[in-house]
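Colleague: Sending over my_file_31.cif (mmCIF, C-alpha atoms).
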data_target
loop_
_atom_site.label_atom_id
_atom_site.label_comp_id
_atom_site.auth_asym_id
_atom_site.auth_seq_id
_atom_site.Cartn_x
_atom_site.Cartn_y
_atom_site.Cartn_z
CA MET O 257 0.00 0.00 0.00
CA THR O 258 1.03 3.62 -0.41
CA GLY O 259 0.58 6.61 1.86
CA ARG O 260 1.04 4.66 5.08
CA ARG O 261 1.78 6.31 8.39
CA ARG O 262 4.97 5.91 10.37
CA PRO O 263 5.09 2.76 12.51
CA THR O 264 2.97 2.97 15.64
CA PHE O 265 1.40 0.27 17.71
CA PRO O 266 -2.40 0.16 17.91
CA ARG O 267 -3.94 2.28 20.61
CA PRO O 268 -4.15 0.55 23.94
CA PHE O 269 -7.35 0.79 25.91
CA PRO O 270 -8.58 4.20 27.09
CA GLY O 271 -8.48 5.16 30.74
CA VAL O 272 -11.03 6.98 32.80
CA ILE O 273 -11.62 10.58 31.69
CA SER O 274 -10.03 13.12 34.01
CA ALA O 275 -11.26 16.52 35.03
CA ALA O 276 -7.69 17.77 35.25
CA ALA O 277 -5.89 19.42 32.36
CA GLY O 278 -2.66 21.29 31.70
CA ALA O 279 0.31 21.11 34.01
CA VAL O 280 0.05 20.76 37.77
CA LEU O 281 2.91 20.97 40.22
CA LEU O 282 3.01 19.08 43.48
CA SER O 283 5.22 20.94 45.89
CA GLY O 284 5.94 21.42 49.55
CA CYS O 285 8.41 23.04 51.90
CA GLY O 286 10.37 22.39 55.04
CA ALA O 287 11.50 19.02 56.36
CA LEU O 288 9.76 15.93 55.12
CA PRO O 289 7.98 13.61 57.56
CA GLY O 290 10.28 10.78 58.51
CA ALA O 291 13.43 12.58 57.33
CA SER O 292 16.26 13.43 59.70
CA GLY O 293 16.83 17.17 59.79
CA GLY O 294 16.18 19.34 56.74
CA SER O 295 15.42 17.86 53.35
CA ARG O 296 17.93 17.65 50.53
CA GLU O 297 17.22 19.39 47.24
CA PRO O 298 13.88 18.23 45.78
CA VAL O 299 13.67 15.86 42.82
CA THR O 300 11.44 17.24 40.08
CA VAL O 301 10.10 14.93 37.36
CA MET O 302 7.31 15.04 34.79
CA THR O 303 4.53 12.59 33.95
CA TRP O 304 2.40 13.13 30.85
CA ALA O 305 -0.60 11.42 29.33
CA PRO O 306 -3.58 12.37 27.15
CA ASP O 307 -6.42 13.76 29.23
CA ARG O 308 -8.73 16.06 27.33
CA SER O 309 -9.24 16.10 23.58
CA GLU O 310 -11.98 17.16 21.22
CA ASP O 311 -11.22 14.12 19.07
CA ILE O 312 -13.61 11.32 20.07
CA ASN O 313 -11.05 8.77 18.88
CA ALA O 314 -8.30 10.13 21.12
CA VAL O 315 -6.98 7.94 23.91
CA LYS O 316 -7.71 9.13 27.46
CA MET O 317 -5.26 8.12 30.21
CA ALA O 318 -6.10 10.39 33.14
CA GLY O 319 -5.18 7.66 35.63
CA VAL O 320 -1.51 7.92 34.70
CA PRO O 321 -0.76 11.44 36.05
CA ALA O 322 -3.17 10.82 38.93
CA MET O 323 -1.12 7.75 39.93
CA ALA O 324 2.09 9.78 39.70
CA GLN O 325 0.69 12.42 42.04
CA THR O 326 -0.51 9.74 44.45
CA TYR O 327 2.93 8.13 44.46
CA ALA O 328 4.52 11.49 45.27
CA ARG O 329 2.15 12.08 48.20
CA TRP O 330 3.01 8.66 49.59
CA VAL O 331 6.78 9.06 49.17
CA ASN O 332 6.81 12.56 50.66
CA ASP O 333 4.68 11.48 53.62
CA THR O 334 7.19 8.74 54.41
CA GLY O 335 10.43 10.74 54.24
CA GLY O 336 10.87 11.37 50.53
CA ILE O 337 13.46 9.56 48.45
CA GLY O 338 16.43 9.47 50.79
CA GLY O 339 15.20 12.71 52.39
CA ARG O 340 14.47 14.39 49.07
CA GLU O 341 11.01 15.71 48.30
CA LEU O 342 9.53 14.33 45.09
CA LYS O 343 7.81 16.94 42.92
CA VAL O 344 5.70 15.80 39.98
CA VAL O 345 4.81 18.09 37.10
CA VAL O 346 2.00 16.67 34.95
CA CYS O 347 1.21 17.58 31.37
CA ASP O 348 -1.75 16.80 29.11
CA GLU O 349 -0.28 15.69 25.78
CA SER O 350 -3.78 15.48 24.22
CA ASP O 351 -2.93 12.38 22.16
CA THR O 352 -1.46 14.59 19.43
CA PRO O 353 2.07 14.98 18.06
CA ILE O 354 1.99 18.71 18.85
CA GLY O 355 0.87 18.05 22.41
CA ALA O 356 3.55 15.41 22.95
CA GLU O 357 6.30 17.71 21.69
CA ARG O 358 4.95 20.59 23.82
CA CYS O 359 5.12 18.45 26.97
CA ALA O 360 8.63 17.29 26.13
CA ARG O 361 9.83 20.88 25.61
CA GLU O 362 8.23 21.86 28.91
CA ALA O 363 10.07 19.01 30.64
CA VAL O 364 13.38 20.23 29.21
CA GLY O 365 12.57 23.86 30.06
CA LYS O 366 11.78 22.98 33.67
CA LYS O 367 15.00 20.93 33.88
CA VAL O 368 13.24 17.88 35.24
CA ALA O 369 15.38 14.94 36.25
CA ALA O 370 13.30 12.52 34.15
CA VAL O 371 9.97 11.93 32.46
CA VAL O 372 8.49 9.00 34.38
CA GLY O 373 5.63 6.55 33.92
CA SER O 374 4.02 8.40 31.03
CA TYR O 375 1.79 7.46 28.10
CA SER O 376 2.05 8.73 24.53
CA ARG O 377 1.71 7.21 21.08
CA HIS O 378 3.82 10.01 19.58
CA GLY O 379 7.40 9.06 20.29
CA GLN O 380 8.55 10.52 16.97
CA SER O 381 7.49 13.93 18.36
CA PHE O 382 8.54 13.82 22.00
CA MET O 383 11.72 11.74 21.91
CA PRO O 384 13.86 14.12 19.79
CA ALA O 385 13.04 16.98 22.19
CA LEU O 386 14.00 14.86 25.21
CA GLU O 387 17.21 13.71 23.55
CA ALA O 388 18.16 17.30 22.73
CA GLY O 389 17.68 18.23 26.39
CA GLY O 390 19.30 15.07 27.80
CA VAL O 391 16.17 14.06 29.73
CA PRO O 392 15.63 10.30 30.27
CA TYR O 393 12.27 8.63 29.63
CA ILE O 394 11.68 6.03 32.35
CA GLY O 395 8.97 3.43 32.08
CA GLY O 396 6.71 4.72 29.37
CA TYR O 397 3.71 2.54 28.57
CA GLY O 398 5.35 1.22 25.41
CA ALA O 399 2.87 2.74 22.97
CA SER O 400 5.49 4.11 20.56
CA THR O 401 8.38 2.44 18.77
CA GLU O 402 10.87 5.11 19.88
CA GLU O 403 10.58 3.88 23.46
CA PHE O 404 12.42 0.75 22.38
CA SER O 405 15.11 2.46 20.32
CA SER O 406 16.13 5.77 21.96
CA TYR O 407 19.32 5.70 24.04
CA LEU O 408 17.52 7.82 26.66
CA SER O 409 14.57 5.43 27.03
CA TYR O 410 14.42 2.98 29.94
CA PRO O 411 11.35 0.77 29.36
CA VAL O 412 10.02 -1.43 32.16
CA ASN O 413 8.17 -3.86 29.88
CA GLY O 414 8.66 -5.35 26.42
CA GLY O 415 5.85 -3.39 24.81
CA GLN O 416 3.58 -4.86 22.18
CA PRO O 417 6.41 -6.87 20.54
CA ALA O 418 6.81 -8.99 23.68
CA LEU O 419 3.03 -9.38 24.04
CA LEU O 420 2.62 -10.63 20.48
CA ALA O 421 5.54 -13.03 20.67
CA GLY O 422 4.21 -14.33 23.98
CA HIS O 423 0.68 -14.56 22.66
CA GLY O 424 1.81 -16.93 19.95
CA ARG O 425 3.34 -19.13 22.64
CA GLN O 426 0.15 -18.96 24.69
CA LEU O 427 -2.11 -19.86 21.77
CA GLY O 428 0.24 -22.58 20.59
CA ARG O 429 -0.59 -24.58 23.71
CA SER O 430 -4.22 -25.19 22.67
CA CYS O 431 -4.98 -23.71 19.23
CA GLU O 432 -4.30 -25.79 16.13
CA ARG O 433 -5.01 -22.81 13.89
CA VAL O 434 -5.06 -19.06 14.58
CA SER O 435 -6.64 -16.19 12.67
CA LEU O 436 -5.08 -12.80 13.45
CA VAL O 437 -7.18 -9.66 12.91
CA ARG O 438 -4.91 -6.63 12.97
CA PRO O 439 -4.73 -3.04 11.67
CA ASP O 440 -4.06 -2.35 8.03
CA SER O 441 -1.06 -0.14 8.79
CA ILE O 442 2.72 -0.31 8.96
CA GLY O 443 2.48 -0.96 12.70
CA GLY O 444 0.06 -3.78 11.99
CA ASP O 445 2.39 -5.23 9.34
CA GLY O 446 4.89 -6.09 12.05
CA MET O 447 2.42 -8.15 14.08
CA PRO O 448 2.15 -11.46 12.17
CA PRO O 449 5.90 -12.28 12.26
CA LEU O 450 6.00 -11.82 16.04
CA LEU O 451 2.86 -13.86 16.67
CA ASP O 452 4.05 -16.54 14.24
CA ASN O 453 7.40 -16.83 16.01
CA GLY O 454 5.54 -17.85 19.14
CA LEU O 455 3.27 -20.23 17.24
CA MET O 456 6.16 -21.90 15.47
CA ALA O 457 7.95 -22.40 18.77
CA ALA O 458 4.95 -24.59 19.68
CA ASP O 459 5.09 -26.39 16.29
CA ARG O 460 1.95 -24.66 15.06
CA PRO O 461 1.46 -23.23 11.57
CA ALA O 462 1.66 -19.51 10.89
CA SER O 463 -1.48 -17.48 11.57
CA THR O 464 -4.00 -16.41 8.95
CA ASP O 465 -3.51 -12.67 8.48
CA ILE O 466 -6.73 -10.62 8.29
CA LEU O 467 -6.37 -6.86 7.74
CA ALA O 468 -8.87 -4.43 9.27
CA PRO O 469 -9.40 -0.66 8.87
CA VAL O 470 -7.94 1.28 11.77
CA ASP O 471 -11.04 3.33 12.63
CA ALA O 472 -13.98 1.20 11.42
CA THR O 473 -17.32 1.25 13.23
CA SER O 474 -18.13 -2.33 12.19
CA TYR O 475 -16.02 -5.37 11.41
CA ASP O 476 -18.60 -7.79 10.01
CA GLU O 477 -16.46 -8.58 6.95
CA GLN O 478 -13.34 -9.31 9.00
CA ALA O 479 -15.35 -11.30 11.57
CA ALA O 480 -16.81 -13.48 8.80
CA GLN O 481 -13.31 -14.11 7.40
CA ALA O 482 -11.96 -14.99 10.85
CA LEU O 483 -14.79 -17.47 11.46
CA GLU O 484 -14.37 -19.08 8.06
CA ARG O 485 -10.61 -19.46 8.33
CA SER O 486 -10.34 -20.41 11.99
CA GLY O 487 -11.31 -24.02 11.28
CA GLY O 488 -12.53 -24.41 14.85
CA GLY O 489 -9.28 -22.95 16.17
CA CYS O 490 -8.73 -19.54 17.74
CA VAL O 491 -9.37 -15.97 16.66
CA THR O 492 -7.18 -13.20 18.04
CA ALA O 493 -7.79 -9.49 17.49
CA VAL O 494 -5.21 -6.79 18.26
CA LEU O 495 -6.98 -3.59 17.30
CA GLY O 496 -6.47 -1.36 20.33
CA THR O 497 -9.64 0.53 21.17
CA ARG O 498 -11.41 -1.10 18.20
CA THR O 499 -10.98 -4.63 19.59
CA GLU O 500 -14.30 -4.39 21.43
CA THR O 501 -16.02 -3.36 18.18
CA PHE O 502 -14.55 -6.36 16.36
CA PHE O 503 -15.69 -8.88 18.96
CA ASP O 504 -19.18 -7.36 18.96
CA SER O 505 -19.33 -8.16 15.24
CA PHE O 506 -17.75 -11.56 15.78
CA ARG O 507 -20.19 -12.74 18.45
CA ARG O 508 -23.17 -11.65 16.35
CA LEU O 509 -22.00 -13.78 13.43
CA GLU O 510 -20.89 -16.80 15.44
CA PRO O 511 -23.30 -19.74 14.93
CA ASP O 512 -25.38 -20.79 17.95
CA GLY O 513 -23.81 -23.56 19.97
CA GLU O 514 -20.45 -23.19 18.24
CA GLN O 515 -17.99 -21.10 20.21
CA VAL O 516 -14.55 -20.30 18.84
CA ARG O 517 -11.88 -19.47 21.38
CA ILE O 518 -11.05 -15.75 21.23
CA SER O 519 -7.93 -14.00 22.44
CA SER O 520 -5.98 -10.73 22.53
CA VAL O 521 -3.23 -8.88 24.39
CA LEU O 522 -3.33 -6.34 27.18
CA GLY O 523 -3.84 -2.92 25.71
CA SER O 524 -6.52 -4.28 23.42
CA VAL O 525 -8.37 -6.16 26.18
CA SER O 526 -8.22 -5.02 29.80
CA GLN O 527 -9.99 -5.58 33.09
CA PRO O 528 -11.77 -2.20 32.89
CA LEU O 529 -13.04 -3.18 29.42
CA ILE O 530 -14.25 -6.56 30.69
CA ASP O 531 -16.03 -4.85 33.60
CA ARG O 532 -17.64 -2.31 31.29
CA THR O 533 -18.93 -4.95 28.89
CA GLY O 534 -20.65 -7.20 31.42
CA GLY O 535 -18.06 -8.85 33.65
CA PRO O 536 -18.95 -12.58 33.70
CA ASN O 537 -21.39 -11.92 30.86
CA SER O 538 -18.81 -10.05 28.79
CA PRO O 539 -18.09 -11.26 25.26
CA PHE O 540 -14.52 -11.72 26.49
CA GLU O 541 -15.41 -14.48 28.98
CA GLY O 542 -13.03 -17.38 28.36
CA ALA O 543 -10.62 -15.31 26.26
CA TYR O 544 -6.88 -15.88 26.40
CA VAL O 545 -4.91 -12.68 27.11
CA THR O 546 -1.15 -12.09 27.25
CA GLY O 547 0.10 -9.41 29.66
CA TRP O 548 3.29 -7.94 31.04
CA TYR O 549 2.58 -8.22 34.74
CA PRO O 550 0.84 -10.57 37.20
CA ASP O 551 -2.96 -10.39 37.14
CA ALA O 552 -4.49 -7.53 39.12
CA ARG O 553 -5.56 -9.71 42.06
CA ASN O 554 -2.05 -11.03 42.60
CA ALA O 555 -0.75 -10.32 46.11
CA ARG O 556 2.28 -8.52 44.63
CA TRP O 557 0.04 -5.51 43.92
CA LYS O 558 -0.86 -5.17 47.60
CA GLU O 559 1.43 -2.21 48.33
CA MET O 560 0.22 -0.26 45.29
CA ARG O 561 -3.41 -0.82 46.27
CA GLU O 562 -2.73 0.27 49.85
CA VAL O 563 -1.02 3.45 48.63
CA ILE O 564 -3.96 4.24 46.34
CA GLY O 565 -6.40 3.59 49.16
CA LYS O 566 -4.61 5.97 51.54
CA TYR O 567 -3.16 8.69 49.31
CA ALA O 568 -5.43 8.94 46.24
CA PHE O 569 -8.20 10.49 48.38
CA GLY O 570 -10.93 8.73 46.44
CA ASP O 571 -9.68 9.92 43.04
CA ASN O 572 -11.78 7.80 40.68
CA ARG O 573 -9.39 8.44 37.79
CA ILE O 574 -7.12 5.76 39.26
CA ASP O 575 -8.13 2.16 38.54
CA PRO O 576 -5.60 -0.27 40.09
CA ASP O 577 -6.64 -2.86 37.49
CA ASP O 578 -5.55 -0.52 34.68
CA THR O 579 -2.25 -1.62 33.12
CA ALA O 580 -1.28 2.01 32.48
CA VAL O 581 -1.65 2.81 36.19
CA GLN O 582 0.36 -0.29 37.05
CA THR O 583 3.12 0.73 34.64
CA THR O 584 3.33 4.17 36.24
CA TRP O 585 3.77 2.55 39.66
CA ILE O 586 6.61 0.38 38.35
CA ALA O 587 8.25 3.32 36.57
CA TYR O 588 8.34 5.37 39.77
CA THR O 589 9.84 2.37 41.56
CA ALA O 590 12.65 2.54 39.01
CA LEU O 591 13.07 6.27 39.51
CA ARG O 592 13.31 5.76 43.26
CA ALA O 593 16.13 3.24 42.82
CA ALA O 594 18.05 5.58 40.51
CA VAL O 595 17.73 8.56 42.86
CA ARG O 596 18.90 6.51 45.84
CA ALA O 597 21.97 5.47 43.84
CA ILE O 598 22.93 9.14 43.31
CA ASP O 599 23.41 9.48 47.06
CA ASP O 600 24.38 12.99 48.24
CA GLU O 601 24.79 14.69 44.87
CA GLU O 602 22.16 16.91 43.30
CA VAL O 603 19.70 14.85 41.27
CA THR O 604 19.94 15.98 37.65
CA SER O 605 18.89 14.32 34.42
CA GLY O 606 22.52 13.57 33.61
CA ARG O 607 23.10 11.86 36.95
CA VAL O 608 19.91 9.82 36.61
CA VAL O 609 21.07 8.65 33.17
CA ALA O 610 24.51 7.79 34.54
CA ALA O 611 23.02 5.82 37.43
CA LEU O 612 20.76 3.81 35.14
CA ASN O 613 23.52 3.15 32.60
CA ARG O 614 25.89 1.98 35.35
CA GLY O 615 23.45 -0.80 36.20
CA VAL O 616 21.16 0.26 39.03
CA GLU O 617 19.06 -2.78 39.91
CA VAL O 618 15.33 -2.19 40.30
CA ASP O 619 13.48 -4.66 42.50
CA THR O 620 9.76 -4.33 41.72
CA GLY O 621 8.65 -6.88 44.28
CA GLY O 622 8.09 -9.56 41.67
CA LEU O 623 5.87 -7.45 39.41
CA THR O 624 8.63 -7.73 36.81
CA PRO O 625 11.99 -9.46 36.76
CA THR O 626 14.75 -7.35 38.31
CA LEU O 627 15.22 -4.44 35.90
CA ARG O 628 18.61 -3.15 34.77
CA TRP O 629 19.68 -1.23 31.67
CA ARG O 630 23.36 -1.98 31.18
CA PHE O 631 24.45 -2.61 27.61
CA LYS O 632 24.63 -6.36 28.21
CA ASP O 633 21.09 -6.39 29.62
CA LEU O 634 19.55 -5.07 26.39
CA VAL O 635 17.96 -7.43 23.86
CA GLY O 636 19.93 -5.50 21.27
CA THR O 637 17.99 -6.37 18.13
CA LEU O 638 17.74 -3.84 15.32
CA SER O 639 14.01 -3.36 15.88
CA TYR O 640 13.92 -3.31 19.70
CA PRO O 641 17.41 -2.46 21.00
CA ARG O 642 16.24 -1.00 24.35
CA ILE O 643 14.08 -3.87 25.62
CA VAL O 644 15.44 -5.40 28.83
CA ASN O 645 12.29 -7.09 30.14
CA THR O 646 11.35 -9.96 27.81
CA LYS O 647 8.97 -11.66 30.26
CA VAL O 648 5.19 -11.90 29.81
CA THR O 649 2.30 -13.55 31.66
CA PHE O 650 -0.45 -15.84 30.37
CA GLN O 651 -3.94 -14.96 31.58
CA VAL O 652 -7.51 -16.05 30.88
CA VAL O 653 -10.86 -14.38 31.60
CA ARG O 654 -12.75 -16.44 34.19
CA ASP O 655 -15.96 -15.25 35.87
CA GLY O 656 -15.34 -11.79 34.48
CA ARG O 657 -11.79 -11.48 35.85
CA LEU O 658 -8.37 -11.70 34.24
CA THR O 659 -6.71 -14.52 36.13
CA ALA O 660 -3.42 -16.37 35.74
CA GLN O 661 -3.57 -19.23 33.23
CA LYS O 662 0.02 -20.14 33.99
CA LYS O 663 1.97 -19.22 37.10
CA GLY O 664 4.98 -16.98 36.77
CA PHE O 665 6.58 -15.36 33.74
CA VAL O 666 7.34 -16.70 30.30
CA ASP O 667 10.52 -15.48 28.58
CA VAL O 668 10.06 -14.56 24.90
CA SER O 669 13.56 -13.22 24.27
CA GLU O 670 14.28 -15.83 21.59
CA ALA O 671 11.20 -14.85 19.60
CA LEU O 672 12.18 -11.18 19.82
CA THR O 673 15.79 -11.81 18.93
CA ASP O 674 14.91 -13.88 15.87
CA ALA O 675 11.97 -11.79 14.62
CA PRO O 676 10.92 -11.90 11.90
CA ARG O 677 11.53 -15.56 11.08
CA GLY O 678 11.28 -16.87 7.57
#
Take the structure from the file and write it as structure tokens.

Modeller:
Amino acid sequence: MTGRRRPTFPRPFPGVISAAAGAVLLSGCGALPGASGGSREPVTVMTWAPDRSEDINAVKMAGVPAMAQTYARWVNDTGGIGGRELKVVVCDESDTPIGAERCAREAVGKKVAAVVGSYSRHGQSFMPALEAGGVPYIGGYGASTEEFSSYLSYPVNGGQPALLAGHGRQLGRSCERVSLVRPDSIGGDGMPPLLDNGLMAADRPASTDILAPVDATSYDEQAAQALERSGGGCVTAVLGTRTETFFDSFRRLEPDGEQVRISSVLGSVSQPLIDRTGGPNSPFEGAYVTGWYPDARNARWKEMREVIGKYAFGDNRIDPDDTAVQTTWIAYTALRAAVRAIDDEEVTSGRVVAALNRGVEVDTGGLTPTLRWRFKDLVGTLSYPRIVNTKVTFQVVRDGRLTAQKKGFVDVSEALTDAPRG
């Protein structure tokens, strides 16, 4: 095809709409509770995400900056980071390239130590501005390809590439044939090789590739193709916010008494989406889903849930089941480790970068493997040179909840290293 857009991954699920907009600064003065004597110099960082937009198709991720602010309240109430107050500047990037670049330039102008736990699909707009200002990008959601290529990006998960490679492994356990419904875009073109790598590792044939318009309001044609070609196997759809629309079409066309196993990846299917579409009666009941982290009811999320319960003050923008909120929590855990490694020096963007590059280890309490961004920790492929976390989780929707299908993590580094296979 001609006239395609630059590579981007499909839009992950939207968050809860926030009433906040623009930039907000959390600040304080004096000694922090729990700190001995006066505080050291504060650490100022930025978190951005789309909040308000006139475009009805724009992603909304208000829970991301709200989680960042909640994290700061918790840290500052318990002595700061090594006695340093944590200040969080938030910015609404509006799900536009202009908005993303504006937020990045603001981060550089305010001389923040890092951009942390943010969400944007527009890495081609924000990353050059951050690189020019020397500001690291820690733990973005993974919604743009630049997060896995920029030397100043420190991702905490393997993004959609890891999910797709893992999903092939997950489906290969029980699906003899797989139909993949994916966007008709350059970003979508990269999906089949990754999924097929996982399928072939399980000695399954390559998936049937079904292209779908990015912003369709109905997918009857693609649903009919998926049913016809599945051969009683599995149908997976990775269409971001349009995944729900596809499965609505699919379930309407599915013959009575004949259920085909459906599946997707986190970002296209989420717990908030399952809740919104009927819980146990959702069309996603029984679906296989590949994720980055343990399921939301896992005990490893206990501390995050307790912090939200005490310091979010009932802010309904924050859903602890939302993967974007979870990623922000993990990203700030990484920031905390980097700042502690700087010790008594002033915390600057350059020192944060140096600490991370030297090999600061980030213990996330089992929510991810131990994270570290030394050169030898990177996957180092041409397509995804900055990925360090190649682990995914296998989940299934039971009684309206995403639950673990298989305990622990599954490593998909081989599928990423070899992608695309012939």

Colleague: May I ask which of the residues O:Leu420, O:Ala660, O:Asp655, O:Gly373 is the closest one to Ala590 in chain O, counting all atoms listed in the file?

Modeller: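 When distances to Ala590 in chain O are compared using all atoms listed in the file, the smallest one comes from O:Gly373.
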
Colleague: Could you check the closest approach to Asp575 in chain O for each of O:Asp465, O:Glu601, O:Glu362, O:Asp531 and tell me which residue wins, using all atoms listed in the file?

Modeller: O:Asp531

Colleague: Would you translate the PyMOL selection byres ((chain O and resi 354) around 12) into the concrete set of residues it matches in this file, as a list in words?

Modeller: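 Written out, the selection comes to Pro306, Asp348, Glu349, Ser350, Asp351, Thr352, Pro353, Gly355, Ala356, Glu357, Arg358, Cys359, Ala360, Arg361, Ser376, Arg377, His378, Gly379, Gln380, Ser381, Phe382 and Ala385 of chain O.
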
Colleague: Enumerate, as a ChimeraX atom specification, the protein, DNA and RNA residues whose atoms approach (-15.0, -13.1, 32.0) to within 7 Å, taking into account only C-alpha atoms and the coordinate frame of the file.

Modeller: /O:530,535-538,540-542,653-657

Colleague: Excluding Arg485 in chain O and residues on its chain fewer than 2 positions from it, collect all residues at most 10 Å away from it, counting only C-alpha atoms, and give them as a CSV table (one decimal) with C-alpha atoms, keeping the file's coordinate frame.

Modeller:
chain,number,residue,atom,x,y,z
O,433,ARG,CA,-5.0,-22.8,13.9
O,434,VAL,CA,-5.1,-19.1,14.6
O,435,SER,CA,-6.6,-16.2,12.7
O,463,SER,CA,-1.5,-17.5,11.6
O,464,THR,CA,-4.0,-16.4,9.0
O,465,ASP,CA,-3.5,-12.7,8.5
O,466,ILE,CA,-6.7,-10.6,8.3
O,479,ALA,CA,-15.4,-11.3,11.6
O,480,ALA,CA,-16.8,-13.5,8.8
O,481,GLN,CA,-13.3,-14.1,7.4
O,482,ALA,CA,-12.0,-15.0,10.8
O,483,LEU,CA,-14.8,-17.5,11.5
O,487,GLY,CA,-11.3,-24.0,11.3
O,488,GLY,CA,-12.5,-24.4,14.8
O,489,GLY,CA,-9.3,-23.0,16.2
O,490,CYS,CA,-8.7,-19.5,17.7
O,491,VAL,CA,-9.4,-16.0,16.7

Colleague: Write out as a PyMOL selection string the residues lying within 12 Å of Ser474 in chain O, counting all atoms listed in the file and excluding same-chain residues fewer than 6 positions away.

Modeller: chain O and resi 468+480+498-506+508

Colleague: Per residue of range 371-433 of chain O within 9 Å of range 616-630 of chain O, what are the shortest atom pair and its distance in Å to one decimal, counting only C-alpha atoms, with rows by chain and residue number, as a tab-separated table?

Modeller:
residue	atom	partner	partner_atom	distance
O:Tyr410	CA	O:Trp629	CA	7.0
O:Pro411	CA	O:Trp629	CA	8.9
O:Val412	CA	O:Leu627	CA	7.1
O:Asn413	CA	O:Thr624	CA	8.0

Colleague: Of the candidates O:Val521, O:Leu455, O:Leu672, O:Met560, which shows the shortest atom-to-atom distance to Tyr588 in chain O, using only C-alpha atoms?

Modeller: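 Using only C-alpha atoms, Tyr588 in chain O sits closest to O:Met560.
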
Colleague: Extract, using all atoms listed in the file, all DNA, RNA and protein residues at most 6 Å from Ala370 in chain O, discarding same-chain residues fewer than 4 positions from it, and format them as a list in words.

Modeller: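 In the requested form, the answer reads Val301, Val391, Pro392 and Ser605 of chain O.
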
Colleague: Evaluating the PyMOL selection byres ((chain O and resi 667) around 8) on the displayed file yields which residues, as a list in words?

Modeller: Gly422, Thr646, Lys647, Val648, Phe665, Val666, Val668, Ser669 and Glu670 of chain O

Colleague: If I take CA of Met447 in chain O and CA of Leu529 in chain O, how far is one from the other in Å, to one decimal?

Modeller: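 Calculated distance between CA of Met447 in chain O and CA of Leu529 in chain O is 22.3 Å.
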
Colleague: At what distance in Å, to one decimal, does CA of Asn645 in chain O lie from CA of Leu427 in chain O?

Modeller: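 Taking CA of Leu427 in chain O and CA of Asn645 in chain O, their separation equals 21.0 Å.
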
Colleague: Select, from O:Tyr375, O:Thr546, O:Phe569, O:Val525, the residue with the minimum atom-to-atom distance to Ala418 in chain O, counting all atoms listed in the file.

Modeller: O:Thr546
